[in-house]
Amino acid sequence: MPILGWPQRAHRWARRLVAWGHQWPSVIYARRAFRVSPPLTTGPPGFERVYRAQVNCSEYFPLFLAALWVAGIYFHEGLRAGQGHRAGRPGHAPALTACPLAGAAALCGLVYLFARFRYFHSYERSAELRLAPMYQSAGALWLLIALGALGLLSHFLPAPLRAALLGWLRTLLPWA
């Protein structure tokens, strides 16, 4: 399997994880188990936890997709192979080619999805168990937003400032 096709596979896997996460069927099953008719959104605590977990995950999903998309444009695996978003275009220097953060967007996306998966199933059991996965998913989402902002910033910076930014990143992350 080539490394460059990994973002597409990760996206397909992410969609499957959300579908297999039993989020939307769990609400249906909880309605049946707790005998809550469909227009109602209140009922026994077990039903309300499942319903809130599904609603919370659904509320953050568009923000996650937008952040993943923007961060993925600038920090994907192709950067290691010299395939930056401006590589090969006349008059443009590669913005983040050979960047130490190549592939960071996909990794953050997977961490976010796994944390949300854990959040949903923890919230099903108890409201207190949801906190650790919620903080993990929030951290991954903030990191995706920061990566997207850094990518957009580097895109609009002139070449000398972009080189200085890359130098700063390399000193900040020498292990990458």
# chains A, B, ... in the order shown; residues from 1 in each chain; ligands from 1

$ residues_around --residues "Ala71 (chain A)" --least-positions-apart "2" --cutoff "7 Å" --atoms "only C-alpha atoms" --output "ChimeraX atom specification"
/A:67-69,73-75,105,144,147-148,151

$ write_last_selection --atoms "N, CA, C and O atoms" --output "PDB file, in the first residue's frame"
ATOM      1  N   ALA A  67     -11.766  21.355   9.970  1.00  0.00           N
ATOM      2  CA  ALA A  67     -10.390  21.469  10.474  1.00  0.00           C
ATOM      3  C   ALA A  67      -9.498  20.401   9.861  1.00  0.00           C
ATOM      4  O   ALA A  67      -8.348  20.674   9.487  1.00  0.00           O
ATOM      5  N   LEU A  68     -10.005  19.186   9.725  1.00  0.00           N
ATOM      6  CA  LEU A  68      -9.227  18.103   9.112  1.00  0.00           C
ATOM      7  C   LEU A  68      -8.929  18.409   7.651  1.00  0.00           C
ATOM      8  O   LEU A  68      -7.821  18.169   7.163  1.00  0.00           O
ATOM      9  N   TRP A  69      -9.894  18.947   6.954  1.00  0.00           N
ATOM     10  CA  TRP A  69      -9.722  19.268   5.539  1.00  0.00           C
ATOM     11  C   TRP A  69      -8.640  20.337   5.353  1.00  0.00           C
ATOM     12  O   TRP A  69      -7.728  20.172   4.559  1.00  0.00           O
ATOM     13  N   ILE A  73      -4.718  19.703   3.863  1.00  0.00           N
ATOM     14  CA  ILE A  73      -4.174  20.316   2.652  1.00  0.00           C
ATOM     15  C   ILE A  73      -2.699  20.652   2.846  1.00  0.00           C
ATOM     16  O   ILE A  73      -1.882  20.483   1.945  1.00  0.00           O
ATOM     17  N   TYR A  74      -2.351  21.119   4.028  1.00  0.00           N
ATOM     18  CA  TYR A  74      -0.997  21.611   4.265  1.00  0.00           C
ATOM     19  C   TYR A  74      -0.088  20.616   4.969  1.00  0.00           C
ATOM     20  O   TYR A  74       1.126  20.748   4.889  1.00  0.00           O
ATOM     21  N   PHE A  75      -0.628  19.653   5.681  1.00  0.00           N
ATOM     22  CA  PHE A  75       0.196  18.713   6.447  1.00  0.00           C
ATOM     23  C   PHE A  75      -0.212  17.279   6.124  1.00  0.00           C
ATOM     24  O   PHE A  75      -0.782  16.592   6.954  1.00  0.00           O
ATOM     25  N   ALA A 105      -1.896  15.819  10.244  1.00  0.00           N
ATOM     26  CA  ALA A 105      -3.345  16.001  10.148  1.00  0.00           C
ATOM     27  C   ALA A 105      -4.069  14.653  10.209  1.00  0.00           C
ATOM     28  O   ALA A 105      -5.075  14.521  10.919  1.00  0.00           O
ATOM     29  N   LEU A 144      -5.681  20.262  15.325  1.00  0.00           N
ATOM     30  CA  LEU A 144      -6.049  20.350  13.910  1.00  0.00           C
ATOM     31  C   LEU A 144      -6.300  21.798  13.495  1.00  0.00           C
ATOM     32  O   LEU A 144      -5.891  22.230  12.417  1.00  0.00           O
ATOM     33  N   LEU A 147      -2.946  23.484  13.230  1.00  0.00           N
ATOM     34  CA  LEU A 147      -2.247  23.077  12.009  1.00  0.00           C
ATOM     35  C   LEU A 147      -2.832  23.770  10.785  1.00  0.00           C
ATOM     36  O   LEU A 147      -2.098  24.211   9.897  1.00  0.00           O
ATOM     37  N   GLY A 148      -4.148  23.845  10.725  1.00  0.00           N
ATOM     38  CA  GLY A 148      -4.784  24.541   9.612  1.00  0.00           C
ATOM     39  C   GLY A 148      -4.415  26.013   9.580  1.00  0.00           C
ATOM     40  O   GLY A 148      -4.120  26.576   8.517  1.00  0.00           O
ATOM     41  N   GLY A 151      -0.838  26.307   8.419  1.00  0.00           N
ATOM     42  CA  GLY A 151      -0.760  26.086   6.974  1.00  0.00           C
ATOM     43  C   GLY A 151      -1.257  27.281   6.184  1.00  0.00           C
ATOM     44  O   GLY A 151      -0.641  27.683   5.191  1.00  0.00           O
TER      45      GLY A 151
END

$ residues_around --residues "Tyr51 (chain A)" --least-positions-apart "6" --cutoff "10 Å" --atoms "only C-alpha atoms" --output "ChimeraX atom specification"
/A:23-24,26-28,30-31,41-43,45,120,123-124

$ write_last_selection --atoms "N, CA, C and O atoms" --output "mmCIF file, in the first residue's frame"
data_model
loop_
_atom_site.group_PDB
_atom_site.id
_atom_site.type_symbol
_atom_site.label_atom_id
_atom_site.label_comp_id
_atom_site.auth_asym_id
_atom_site.auth_seq_id
_atom_site.Cartn_x
_atom_site.Cartn_y
_atom_site.Cartn_z
ATOM 1 N N GLN A 23 -23.541 5.036 16.961
ATOM 2 C CA GLN A 23 -24.097 6.253 17.523
ATOM 3 C C GLN A 23 -25.556 6.409 17.148
ATOM 4 O O GLN A 23 -26.397 6.566 18.017
ATOM 5 N N TRP A 24 -25.841 6.392 15.862
ATOM 6 C CA TRP A 24 -27.247 6.586 15.503
ATOM 7 C C TRP A 24 -28.095 5.364 15.797
ATOM 8 O O TRP A 24 -29.215 5.507 16.254
ATOM 9 N N SER A 26 -27.642 3.379 18.289
ATOM 10 C CA SER A 26 -27.753 3.296 19.741
ATOM 11 C C SER A 26 -28.913 4.128 20.269
ATOM 12 O O SER A 26 -29.565 3.748 21.240
ATOM 13 N N VAL A 27 -29.170 5.260 19.654
ATOM 14 C CA VAL A 27 -30.304 6.078 20.082
ATOM 15 C C VAL A 27 -31.611 5.345 19.787
ATOM 16 O O VAL A 27 -32.532 5.346 20.605
ATOM 17 N N ILE A 28 -31.672 4.708 18.648
ATOM 18 C CA ILE A 28 -32.876 3.935 18.300
ATOM 19 C C ILE A 28 -33.071 2.797 19.296
ATOM 20 O O ILE A 28 -34.182 2.576 19.807
ATOM 21 N N ALA A 30 -31.879 2.616 22.332
ATOM 22 C CA ALA A 30 -32.177 3.181 23.651
ATOM 23 C C ALA A 30 -33.643 3.610 23.729
ATOM 24 O O ALA A 30 -34.286 3.458 24.773
ATOM 25 N N ARG A 31 -34.168 4.166 22.631
ATOM 26 C CA ARG A 31 -35.593 4.534 22.613
ATOM 27 C C ARG A 31 -36.460 3.303 22.847
ATOM 28 O O ARG A 31 -37.445 3.353 23.583
ATOM 29 N N THR A 41 -37.264 13.892 23.666
ATOM 30 C CA THR A 41 -35.812 13.819 23.854
ATOM 31 C C THR A 41 -35.456 13.706 25.326
ATOM 32 O O THR A 41 -34.282 13.804 25.675
ATOM 33 N N THR A 42 -36.434 13.517 26.161
ATOM 34 C CA THR A 42 -36.194 13.317 27.582
ATOM 35 C C THR A 42 -36.771 11.981 27.992
ATOM 36 O O THR A 42 -37.659 11.446 27.338
ATOM 37 N N GLY A 43 -36.244 11.465 29.065
ATOM 38 C CA GLY A 43 -36.703 10.179 29.563
ATOM 39 C C GLY A 43 -35.811 9.739 30.700
ATOM 40 O O GLY A 43 -35.225 10.565 31.403
ATOM 41 N N PRO A 45 -32.526 8.442 32.758
ATOM 42 C CA PRO A 45 -31.141 8.906 32.623
ATOM 43 C C PRO A 45 -30.316 8.115 31.602
ATOM 44 O O PRO A 45 -29.476 8.685 30.907
ATOM 45 N N PHE A 120 -18.318 8.473 23.317
ATOM 46 C CA PHE A 120 -19.693 8.016 23.163
ATOM 47 C C PHE A 120 -19.975 6.818 24.055
ATOM 48 O O PHE A 120 -20.966 6.774 24.785
ATOM 49 N N TYR A 123 -19.867 7.744 27.770
ATOM 50 C CA TYR A 123 -21.042 8.529 28.164
ATOM 51 C C TYR A 123 -22.261 7.619 28.296
ATOM 52 O O TYR A 123 -23.146 7.860 29.116
ATOM 53 N N GLU A 124 -22.313 6.578 27.483
ATOM 54 C CA GLU A 124 -23.408 5.605 27.596
ATOM 55 C C GLU A 124 -23.439 4.976 28.985
ATOM 56 O O GLU A 124 -24.499 4.770 29.559
#

$ atom_distance --atom1 "CA of Ser122 (chain A)" --atom2 "CA of Gly109 (chain A)"
19.6 Å

$ closest_residue --among "A:Leu173, A:Leu152, A:Ala164, A:Leu143" --to "Ala106 (chain A)" --atoms "only C-alpha atoms"
A:Leu143

$ closest_residue --among "A:Leu157, A:Leu150, A:Val36, A:Val50" --to "Leu101 (chain A)" --atoms "only C-alpha atoms"
A:Leu150

$ closest_residue --among "A:Ala132, A:Trp168, A:Leu153, A:Leu141" --to "Pro62 (chain A)" --atoms "only C-alpha atoms"
A:Leu141

$ closest_residue --among "A:Ser126, A:Ile145, A:Gly72, A:Phe64" --to "Leu113 (chain A)" --atoms "only C-alpha atoms"
A:Phe64

$ residues_around --residues "Phe114 (chain A)" --least-positions-apart "4" --cutoff "9 Å" --atoms "only C-alpha atoms" --output "ChimeraX atom specification"
/A:17,109-110,118-119,133,137

$ atom_distance --atom1 "CA of Glu128 (chain A)" --atom2 "CA of Arg35 (chain A)"
24.5 Å

$ closest_residue --among "A:Ala159, A:Ala146, A:Ala33, A:Ala127" --to "Ala53 (chain A)" --atoms "only C-alpha atoms"
A:Ala127
